[in-house]
Amino acid sequence: MTTVNHHSLPVDDEGYYGRFGGAYIPEVLHHSVESLKDAYYKYVDTPEFQNEFRSLLRDYVGRPSPLYFSPYLSKKYGAKIYLKREDLNHTGAHKINNTIGQILLARKMGKTRILAETGAGQHGVATATVCALMGMECKVFMGATDVARQQPNVERMKMLGAEVVAVESGNKTLKDATNEAIRSWCCDPESYYLIGSTVGPHPYPEMVAYFQSVISEEIAFQLLQREGRENPDYVVACIGGGSNAAGAFYKFIDRPEVKLIAVEAAGKGVDTDETAATMAVGTEGIIHGSRTMLMQTEDGQIVEPYSISAGLDYPGVGPLHAFLAKEGRSQVLSATDDEALKAAYDLTRHEGIIPALESAHALAGLEKLSLKPDDIVVVNISGRGDKDMITYIANMKKYTSDENQA
Ligand SMILES: *Cc1c(COP(=O)(O)O)cnc(C)c1O
């Protein structure tokens, strides 16, 4: 039976969420993972750690991020729709919340060398940023394909002082970068491996979810001020590895009156070979240290995911989300490339907010809910669209002329 831990997550001492999670790691990393776990529980609730974490979130990241009432979306969908503006954080997305938490922990542990993996480069940039802030060495593993298509983020990481290692194995994308980061950690167990989502062996999924939980803490507080109640009726978030969704859901997980909606990337469609909708098409297995849902063939080979959005292009999903979905606590929807693009141009034209392509999937999820006029809905805008301008420019004509006709 899964119990609720002191941070109110449904996880047991071994890191299991129901039958998902755990820590499936090579022997050589046992000590590193154990000492990480010990350090995390030892420091996280101390006033000193909390004080440093909260101060940096406020003064460096720029929190609290605004909760913006969207008149346009509210009218369009016939409900009260709020946007949680993680796009306004320093470095442009929610990922910085987690890297701040983990870099403080690494410092407490006396670590000076940081390893990280990155797909689109957003987590790499957030990690390189906090390493610059703390004066730590930073090595970021990135698939060679991603290095080529995410050049501005590669340059940002280098400018911040990080070494970017182009990974040439497999399909040369995020999964391969993660494999290489884990391999490199095995060779240098004294370095600190800074994972960017609610994935990996215990305690990472729990720890990352906690560092992101500031999102739902703020939502509750902001809604109380605006609407006289902490609980929205719906929280909607996109889901790659699951960190922004975990942060947006966190405080509401044990409040069944709040509906938790996770939106996966369907790519070209869940019934095509080009998708990243892990919960829709995946099966149970082990990936990157934890038991969860993943996209694999019958003989256990990982299937390469596809999405227009690099941040959602991961073949697994965090064990917390696999559990919440299996229990029926969360509802998992999916949005195609096309639906996400439509939602992105729509928000841009009518609210003046260019969302990240990932966040546009959450916005596209609104189409699939049956909302009532009094419903309060919070959509987590996980990041801003600057990094996606090449894709947006390439699709502009098609989508904005559609809209002009409408
Ligand atoms: C990385 C990223 C995501 C996906 O990661 P999660 O861990 O699922 O949150 C979503 N949105 C943005 C803007 C990202 O950079």
# chains A, B, ... in the order shown; residues from 1 in each chain; ligands from 1
$ closest_atom_pairs --of "chain A" --to "ligand 1" --cutoff "6 Å" --atoms "only C-alpha atoms and all ligand atoms" --output "Markdown table"
| residue | atom | partner | partner_atom_place_in_ligand_line | distance |
| --- | --- | --- | --- | --- |
| A:Ala93 | CA | ligand 1 | 13 (C) | 5.1 |
| A:Gln122 | CA | ligand 1 | 15 (O) | 5.2 |
| A:Ser197 | CA | ligand 1 | 7 (O) | 4.2 |
| A:Ile239 | CA | ligand 1 | 8 (O) | 4.0 |
| A:Gly240 | CA | ligand 1 | 8 (O) | 3.4 |
| A:Gly241 | CA | ligand 1 | 8 (O) | 4.0 |
| A:Gly242 | CA | ligand 1 | 8 (O) | 3.4 |
| A:Ser243 | CA | ligand 1 | 7 (O) | 3.5 |
| A:Asn244 | CA | ligand 1 | 9 (O) | 3.7 |
| A:Ala245 | CA | ligand 1 | 9 (O) | 5.9 |
| A:Gly311 | CA | ligand 1 | 1 (C) | 4.3 |
| A:Leu312 | CA | ligand 1 | 4 (C) | 5.3 |
| A:Ala356 | CA | ligand 1 | 13 (C) | 5.3 |
| A:Glu358 | CA | ligand 1 | 11 (N) | 4.6 |
| A:Ser359 | CA | ligand 1 | 11 (N) | 5.5 |
| A:Ser382 | CA | ligand 1 | 13 (C) | 4.5 |
| A:Gly383 | CA | ligand 1 | 13 (C) | 3.6 |
$ write_last_selection --atoms "N, CA and C atoms" --output "CSV table (one decimal), in the first residue's frame"
chain,number,residue,atom,x,y,z
A,93,ALA,N,11.4,29.3,-18.1
A,93,ALA,CA,10.5,28.1,-17.9
A,93,ALA,C,10.6,27.7,-16.4
A,122,GLN,N,16.7,23.2,-22.6
A,122,GLN,CA,16.2,24.1,-21.5
A,122,GLN,C,16.7,23.7,-20.2
A,197,SER,N,13.8,16.3,-14.6
A,197,SER,CA,12.4,16.1,-14.6
A,197,SER,C,12.1,15.1,-13.5
A,239,ILE,N,2.8,17.3,-20.2
A,239,ILE,CA,3.6,16.3,-19.5
A,239,ILE,C,4.6,15.6,-20.5
A,240,GLY,N,5.9,15.9,-20.1
A,240,GLY,CA,7.0,15.2,-20.8
A,240,GLY,C,7.5,14.2,-19.8
A,241,GLY,N,8.5,14.5,-19.0
A,241,GLY,CA,8.9,13.7,-17.9
A,241,GLY,C,7.9,13.9,-16.7
A,242,GLY,N,7.3,15.1,-16.7
A,242,GLY,CA,6.3,15.3,-15.7
A,242,GLY,C,6.6,16.3,-14.6
A,243,SER,N,7.6,17.1,-14.8
A,243,SER,CA,8.0,18.0,-13.6
A,243,SER,C,7.0,19.2,-13.5
A,244,ASN,N,6.7,19.9,-14.6
A,244,ASN,CA,5.8,21.0,-14.4
A,244,ASN,C,4.4,20.6,-14.0
A,245,ALA,N,4.0,19.4,-14.5
A,245,ALA,CA,2.7,18.9,-14.1
A,245,ALA,C,2.7,18.5,-12.6
A,311,GLY,N,10.7,19.3,-25.8
A,311,GLY,CA,10.7,19.1,-24.4
A,311,GLY,C,9.7,18.0,-24.0
A,312,LEU,N,8.8,17.6,-25.0
A,312,LEU,CA,7.9,16.5,-24.7
A,312,LEU,C,8.3,15.2,-25.3
A,356,ALA,N,5.7,28.5,-24.9
A,356,ALA,CA,6.5,27.4,-25.4
A,356,ALA,C,5.6,26.4,-26.1
A,358,GLU,N,5.6,23.3,-25.7
A,358,GLU,CA,5.2,22.3,-24.7
A,358,GLU,C,3.9,22.8,-24.1
A,359,SER,N,4.0,24.1,-23.6
A,359,SER,CA,2.8,24.7,-22.9
A,359,SER,C,1.6,24.8,-23.8
A,382,SER,N,4.2,26.5,-18.9
A,382,SER,CA,5.4,26.0,-18.3
A,382,SER,C,6.6,26.8,-18.8
A,383,GLY,N,6.5,27.4,-20.0
A,383,GLY,CA,7.6,28.2,-20.5
A,383,GLY,C,7.2,29.1,-21.6
$ closest_atom_pairs --of "stretch 191-250 of chain A" --to "stretch 127-140 of chain A" --cutoff "10 Å" --atoms "only C-alpha atoms" --output "tab-separated table"
residue	atom	partner	partner_atom	distance
A:Ser191	CA	A:Glu137	CA	9.6
A:Tyr192	CA	A:Cys138	CA	9.7
A:Tyr193	CA	A:Lys139	CA	9.8
A:Leu194	CA	A:Thr127	CA	7.6
A:Ile195	CA	A:Thr127	CA	9.3
A:Gly196	CA	A:Thr127	CA	8.5
$ select_by_dssp --residues "stretch 77-233 of chain A" --states "alpha helix (DSSP H)" --output "PyMOL selection string"
chain A and resi 77+95-108+122-134+144-149+151-159+174-187+204-212+214-227
$ write_last_selection --atoms "C-alpha atoms" --output "mmCIF file, in the first residue's frame"
data_model
loop_
_atom_site.group_PDB
_atom_site.id
_atom_site.type_symbol
_atom_site.label_atom_id
_atom_site.label_comp_id
_atom_site.auth_asym_id
_atom_site.auth_seq_id
_atom_site.Cartn_x
_atom_site.Cartn_y
_atom_site.Cartn_z
ATOM 1 C CA TYR A 77 -14.363 28.169 -23.295
ATOM 2 C CA LYS A 95 12.964 24.184 -14.946
ATOM 3 C CA ILE A 96 14.917 26.747 -12.922
ATOM 4 C CA ASN A 97 12.847 25.964 -9.771
ATOM 5 C CA ASN A 98 14.294 22.469 -9.695
ATOM 6 C CA THR A 99 17.867 23.394 -10.606
ATOM 7 C CA ILE A 100 17.944 25.976 -7.781
ATOM 8 C CA GLY A 101 16.805 23.332 -5.288
ATOM 9 C CA GLN A 102 19.268 20.722 -6.488
ATOM 10 C CA ILE A 103 22.269 23.040 -6.734
ATOM 11 C CA LEU A 104 21.722 24.063 -3.103
ATOM 12 C CA LEU A 105 21.616 20.387 -2.167
ATOM 13 C CA ALA A 106 24.773 19.677 -4.188
ATOM 14 C CA ARG A 107 26.525 22.480 -2.353
ATOM 15 C CA LYS A 108 25.417 21.084 1.024
ATOM 16 C CA GLN A 122 16.151 24.092 -21.539
ATOM 17 C CA HIS A 123 17.288 21.979 -18.610
ATOM 18 C CA GLY A 124 20.895 22.345 -19.766
ATOM 19 C CA VAL A 125 20.539 26.122 -19.714
ATOM 20 C CA ALA A 126 18.836 26.084 -16.290
ATOM 21 C CA THR A 127 21.642 23.872 -14.950
ATOM 22 C CA ALA A 128 24.450 25.906 -16.530
ATOM 23 C CA THR A 129 22.805 29.005 -15.038
ATOM 24 C CA VAL A 130 22.830 27.749 -11.443
ATOM 25 C CA CYS A 131 26.355 26.375 -11.888
ATOM 26 C CA ALA A 132 27.521 29.832 -12.941
ATOM 27 C CA LEU A 133 25.685 31.245 -9.934
ATOM 28 C CA MET A 134 27.376 28.825 -7.528
ATOM 29 C CA ALA A 144 24.137 15.339 -31.430
ATOM 30 C CA THR A 145 20.847 15.766 -33.311
ATOM 31 C CA ASP A 146 19.603 18.128 -30.611
ATOM 32 C CA VAL A 147 22.920 20.021 -30.559
ATOM 33 C CA ALA A 148 22.427 20.746 -34.238
ATOM 34 C CA ARG A 149 18.781 21.835 -33.964
ATOM 35 C CA GLN A 151 22.045 25.945 -31.477
ATOM 36 C CA PRO A 152 21.022 29.057 -29.482
ATOM 37 C CA ASN A 153 20.657 27.018 -26.287
ATOM 38 C CA VAL A 154 24.015 25.326 -26.928
ATOM 39 C CA GLU A 155 25.609 28.765 -27.203
ATOM 40 C CA ARG A 156 23.839 29.965 -24.055
ATOM 41 C CA MET A 157 25.206 26.989 -22.096
ATOM 42 C CA LYS A 158 28.720 27.649 -23.388
ATOM 43 C CA MET A 159 28.475 31.339 -22.552
ATOM 44 C CA LEU A 174 17.353 12.951 -25.130
ATOM 45 C CA LYS A 175 17.202 9.257 -24.254
ATOM 46 C CA ASP A 176 20.767 8.793 -25.528
ATOM 47 C CA ALA A 177 21.979 11.890 -23.675
ATOM 48 C CA THR A 178 20.441 10.500 -20.473
ATOM 49 C CA ASN A 179 22.132 7.132 -20.977
ATOM 50 C CA GLU A 180 25.448 8.896 -21.466
ATOM 51 C CA ALA A 181 24.980 11.127 -18.418
ATOM 52 C CA ILE A 182 24.274 8.045 -16.275
ATOM 53 C CA ARG A 183 27.313 6.286 -17.749
ATOM 54 C CA SER A 184 29.455 9.303 -16.991
ATOM 55 C CA TRP A 185 28.092 9.404 -13.419
ATOM 56 C CA CYS A 186 29.121 5.753 -12.993
ATOM 57 C CA CYS A 187 32.719 6.732 -13.912
ATOM 58 C CA TYR A 204 14.822 12.125 -7.947
ATOM 59 C CA PRO A 205 11.120 11.965 -8.888
ATOM 60 C CA GLU A 206 10.091 12.898 -5.349
ATOM 61 C CA MET A 207 12.742 15.581 -4.978
ATOM 62 C CA VAL A 208 12.076 17.243 -8.343
ATOM 63 C CA ALA A 209 8.312 17.204 -7.691
ATOM 64 C CA TYR A 210 8.918 18.870 -4.340
ATOM 65 C CA PHE A 211 11.184 21.584 -5.780
ATOM 66 C CA GLN A 212 8.496 22.292 -8.379
ATOM 67 C CA VAL A 214 6.100 25.972 -5.321
ATOM 68 C CA ILE A 215 3.927 26.279 -8.451
ATOM 69 C CA SER A 216 0.818 24.781 -6.814
ATOM 70 C CA GLU A 217 1.555 26.438 -3.478
ATOM 71 C CA GLU A 218 1.371 29.776 -5.263
ATOM 72 C CA ILE A 219 -1.719 28.807 -7.263
ATOM 73 C CA ALA A 220 -3.571 27.979 -4.029
ATOM 74 C CA PHE A 221 -2.533 31.226 -2.390
ATOM 75 C CA GLN A 222 -3.257 33.343 -5.469
ATOM 76 C CA LEU A 223 -6.677 31.778 -6.016
ATOM 77 C CA LEU A 224 -7.576 32.329 -2.381
ATOM 78 C CA GLN A 225 -6.903 36.026 -2.862
ATOM 79 C CA ARG A 226 -8.724 36.261 -6.181
ATOM 80 C CA GLU A 227 -11.578 33.812 -5.856
#
$ atom_distance --atom1 "atom CA of A:Gly269" --atom2 "atom CA of A:Ala335"
8.0 Å
$ residues_around --residues "A:Tyr17" --least-positions-apart "3" --cutoff "12 Å" --atoms "only C-alpha atoms" --output "number ranges by chain"
A: 1-5, 9-14, 20-23, 202-203, 205-206, 290-292, 318-327
$ residues_around --residues "stretch 360-369 of chain A" --least-positions-apart "4" --cutoff "10 Å" --atoms "only C-alpha atoms" --output "ChimeraX atom specification"
/A:73,76-77,81,83,234-239,245,261-266,309,312,332-347,354-356,377,379-385
$ residues_around --residues "A:Val28" --least-positions-apart "2" --cutoff "9 Å" --atoms "only C-alpha atoms" --output "VMD selection string"
chain A and resid 25 to 26 30 to 32 186 to 187 189
$ atom_distance --atom1 "atom CA of A:Ser70" --atom2 "atom CA of A:Tyr82"
5.6 Å
$ closest_residue --among "A:Val61, A:Met109, A:Leu67, A:Val270" --to "A:Asp38" --atoms "only C-alpha atoms"
A:Met109
$ closest_residue --among "A:Asp254, A:Val317, A:Glu351, A:Pro232" --to "A:Ala280" --atoms "only C-alpha atoms"
A:Val317
$ select_by_dssp --residues "stretch 73-253 of chain A" --states "strand (DSSP E or B)" --output "mmCIF file with N, CA, C and O atoms, in the first residue's frame"
data_model
loop_
_atom_site.group_PDB
_atom_site.id
_atom_site.type_symbol
_atom_site.label_atom_id
_atom_site.label_comp_id
_atom_site.auth_asym_id
_atom_site.auth_seq_id
_atom_site.Cartn_x
_atom_site.Cartn_y
_atom_site.Cartn_z
ATOM 1 N N LYS A 80 -13.888 30.195 -16.003
ATOM 2 C CA LYS A 80 -12.866 31.158 -15.557
ATOM 3 C C LYS A 80 -11.496 30.534 -15.750
ATOM 4 O O LYS A 80 -11.130 29.601 -15.024
ATOM 5 N N ILE A 81 -10.763 31.048 -16.721
ATOM 6 C CA ILE A 81 -9.482 30.426 -17.051
ATOM 7 C C ILE A 81 -8.315 31.319 -16.656
ATOM 8 O O ILE A 81 -8.228 32.485 -17.062
ATOM 9 N N TYR A 82 -7.472 30.752 -15.816
ATOM 10 C CA TYR A 82 -6.263 31.432 -15.361
ATOM 11 C C TYR A 82 -5.031 30.768 -15.963
ATOM 12 O O TYR A 82 -5.013 29.549 -16.163
ATOM 13 N N LEU A 83 -4.007 31.594 -16.207
ATOM 14 C CA LEU A 83 -2.730 31.066 -16.688
ATOM 15 C C LEU A 83 -1.674 31.250 -15.602
ATOM 16 O O LEU A 83 -1.481 32.367 -15.106
ATOM 17 N N LYS A 84 -1.002 30.166 -15.232
ATOM 18 C CA LYS A 84 0.106 30.270 -14.279
ATOM 19 C C LYS A 84 1.362 30.533 -15.091
ATOM 20 O O LYS A 84 1.771 29.705 -15.917
ATOM 21 N N ARG A 85 1.966 31.707 -14.855
ATOM 22 C CA ARG A 85 2.967 32.233 -15.779
ATOM 23 C C ARG A 85 4.397 31.796 -15.455
ATOM 24 O O ARG A 85 5.263 32.631 -15.167
ATOM 25 N N ALA A 93 11.397 29.298 -18.123
ATOM 26 C CA ALA A 93 10.544 28.128 -17.909
ATOM 27 C C ALA A 93 10.579 27.718 -16.437
ATOM 28 O O ALA A 93 11.310 28.304 -15.626
ATOM 29 N N ARG A 113 31.297 19.289 -8.980
ATOM 30 C CA ARG A 113 31.136 18.968 -10.410
ATOM 31 C C ARG A 113 29.704 18.500 -10.658
ATOM 32 O O ARG A 113 29.228 17.577 -10.004
ATOM 33 N N ILE A 114 29.052 19.141 -11.623
ATOM 34 C CA ILE A 114 27.650 18.831 -11.924
ATOM 35 C C ILE A 114 27.547 18.200 -13.312
ATOM 36 O O ILE A 114 28.151 18.697 -14.275
ATOM 37 N N LEU A 115 26.775 17.119 -13.382
ATOM 38 C CA LEU A 115 26.463 16.473 -14.663
ATOM 39 C C LEU A 115 24.975 16.650 -14.926
ATOM 40 O O LEU A 115 24.172 16.596 -13.994
ATOM 41 N N ALA A 116 24.608 16.832 -16.187
ATOM 42 C CA ALA A 116 23.185 16.916 -16.521
ATOM 43 C C ALA A 116 22.979 16.440 -17.949
ATOM 44 O O ALA A 116 23.923 16.412 -18.746
ATOM 45 N N GLU A 117 21.726 16.058 -18.237
ATOM 46 C CA GLU A 117 21.354 15.719 -19.602
ATOM 47 C C GLU A 117 20.379 16.791 -20.070
ATOM 48 O O GLU A 117 19.740 17.447 -19.264
ATOM 49 N N THR A 118 20.276 16.965 -21.374
ATOM 50 C CA THR A 118 19.262 17.898 -21.850
ATOM 51 C C THR A 118 18.773 17.482 -23.228
ATOM 52 O O THR A 118 19.507 16.851 -23.985
ATOM 53 N N GLU A 137 31.551 23.489 -11.640
ATOM 54 C CA GLU A 137 31.841 22.930 -12.956
ATOM 55 C C GLU A 137 30.574 22.290 -13.521
ATOM 56 O O GLU A 137 29.848 21.642 -12.766
ATOM 57 N N CYS A 138 30.343 22.425 -14.804
ATOM 58 C CA CYS A 138 29.098 21.912 -15.366
ATOM 59 C C CYS A 138 29.337 21.221 -16.699
ATOM 60 O O CYS A 138 29.934 21.795 -17.614
ATOM 61 N N LYS A 139 28.900 19.954 -16.772
ATOM 62 C CA LYS A 139 29.022 19.208 -18.020
ATOM 63 C C LYS A 139 27.620 18.759 -18.429
ATOM 64 O O LYS A 139 26.933 18.095 -17.653
ATOM 65 N N VAL A 140 27.202 19.136 -19.640
ATOM 66 C CA VAL A 140 25.844 18.821 -20.091
ATOM 67 C C VAL A 140 25.903 17.872 -21.285
ATOM 68 O O VAL A 140 26.548 18.175 -22.292
ATOM 69 N N PHE A 141 25.217 16.736 -21.174
ATOM 70 C CA PHE A 141 25.152 15.770 -22.267
ATOM 71 C C PHE A 141 23.917 16.052 -23.108
ATOM 72 O O PHE A 141 22.820 16.211 -22.579
ATOM 73 N N MET A 142 24.147 16.087 -24.413
ATOM 74 C CA MET A 142 23.059 16.445 -25.325
ATOM 75 C C MET A 142 23.230 15.628 -26.599
ATOM 76 O O MET A 142 24.345 15.521 -27.118
ATOM 77 N N GLY A 143 22.153 15.016 -27.078
ATOM 78 C CA GLY A 143 22.237 14.250 -28.322
ATOM 79 C C GLY A 143 22.735 15.131 -29.460
ATOM 80 O O GLY A 143 22.384 16.310 -29.539
ATOM 81 N N GLU A 163 30.402 22.862 -20.241
ATOM 82 C CA GLU A 163 30.913 22.054 -21.343
ATOM 83 C C GLU A 163 29.734 21.269 -21.904
ATOM 84 O O GLU A 163 29.015 20.605 -21.152
ATOM 85 N N VAL A 164 29.504 21.357 -23.207
ATOM 86 C CA VAL A 164 28.395 20.619 -23.825
ATOM 87 C C VAL A 164 28.984 19.429 -24.575
ATOM 88 O O VAL A 164 29.820 19.598 -25.459
ATOM 89 N N VAL A 165 28.552 18.220 -24.180
ATOM 90 C CA VAL A 165 29.057 17.009 -24.818
ATOM 91 C C VAL A 165 28.007 16.490 -25.795
ATOM 92 O O VAL A 165 26.893 16.144 -25.385
ATOM 93 N N ALA A 166 28.345 16.454 -27.079
ATOM 94 C CA ALA A 166 27.416 15.950 -28.096
ATOM 95 C C ALA A 166 27.469 14.419 -28.094
ATOM 96 O O ALA A 166 28.525 13.840 -28.276
ATOM 97 N N VAL A 167 26.307 13.792 -27.858
ATOM 98 C CA VAL A 167 26.240 12.333 -27.750
ATOM 99 C C VAL A 167 25.885 11.742 -29.110
ATOM 100 O O VAL A 167 24.874 12.103 -29.711
ATOM 101 N N TYR A 192 27.855 15.312 -8.993
ATOM 102 C CA TYR A 192 26.418 15.385 -8.693
ATOM 103 C C TYR A 192 25.649 15.337 -10.006
ATOM 104 O O TYR A 192 25.882 16.162 -10.901
ATOM 105 N N TYR A 193 24.719 14.397 -10.130
ATOM 106 C CA TYR A 193 23.904 14.276 -11.344
ATOM 107 C C TYR A 193 22.596 15.039 -11.125
ATOM 108 O O TYR A 193 21.790 14.659 -10.283
ATOM 109 N N TYR A 234 -10.057 22.604 -12.049
ATOM 110 C CA TYR A 234 -9.146 21.870 -12.931
ATOM 111 C C TYR A 234 -7.753 22.498 -12.874
ATOM 112 O O TYR A 234 -7.631 23.718 -12.845
ATOM 113 N N VAL A 235 -6.728 21.644 -12.886
ATOM 114 C CA VAL A 235 -5.373 22.115 -13.177
ATOM 115 C C VAL A 235 -4.928 21.352 -14.424
ATOM 116 O O VAL A 235 -5.021 20.125 -14.475
ATOM 117 N N VAL A 236 -4.471 22.104 -15.420
ATOM 118 C CA VAL A 236 -4.087 21.492 -16.694
ATOM 119 C C VAL A 236 -2.607 21.763 -16.945
ATOM 120 O O VAL A 236 -2.159 22.910 -16.855
ATOM 121 N N ALA A 237 -1.849 20.716 -17.246
ATOM 122 C CA ALA A 237 -0.417 20.883 -17.519
ATOM 123 C C ALA A 237 0.030 19.891 -18.581
ATOM 124 O O ALA A 237 -0.506 18.781 -18.673
ATOM 125 N N CYS A 238 1.029 20.289 -19.361
ATOM 126 C CA CYS A 238 1.601 19.351 -20.323
ATOM 127 C C CYS A 238 2.539 18.411 -19.591
ATOM 128 O O CYS A 238 2.991 18.698 -18.479
#
$ closest_residue --among "A:Tyr306, A:Phe249, A:Tyr314, A:Phe53" --to "A:Glu274" --atoms "only C-alpha atoms"
A:Tyr306
$ atom_distance --atom1 "atom CA of A:Ile308" --atom2 "atom CA of A:Leu357"
7.8 Å
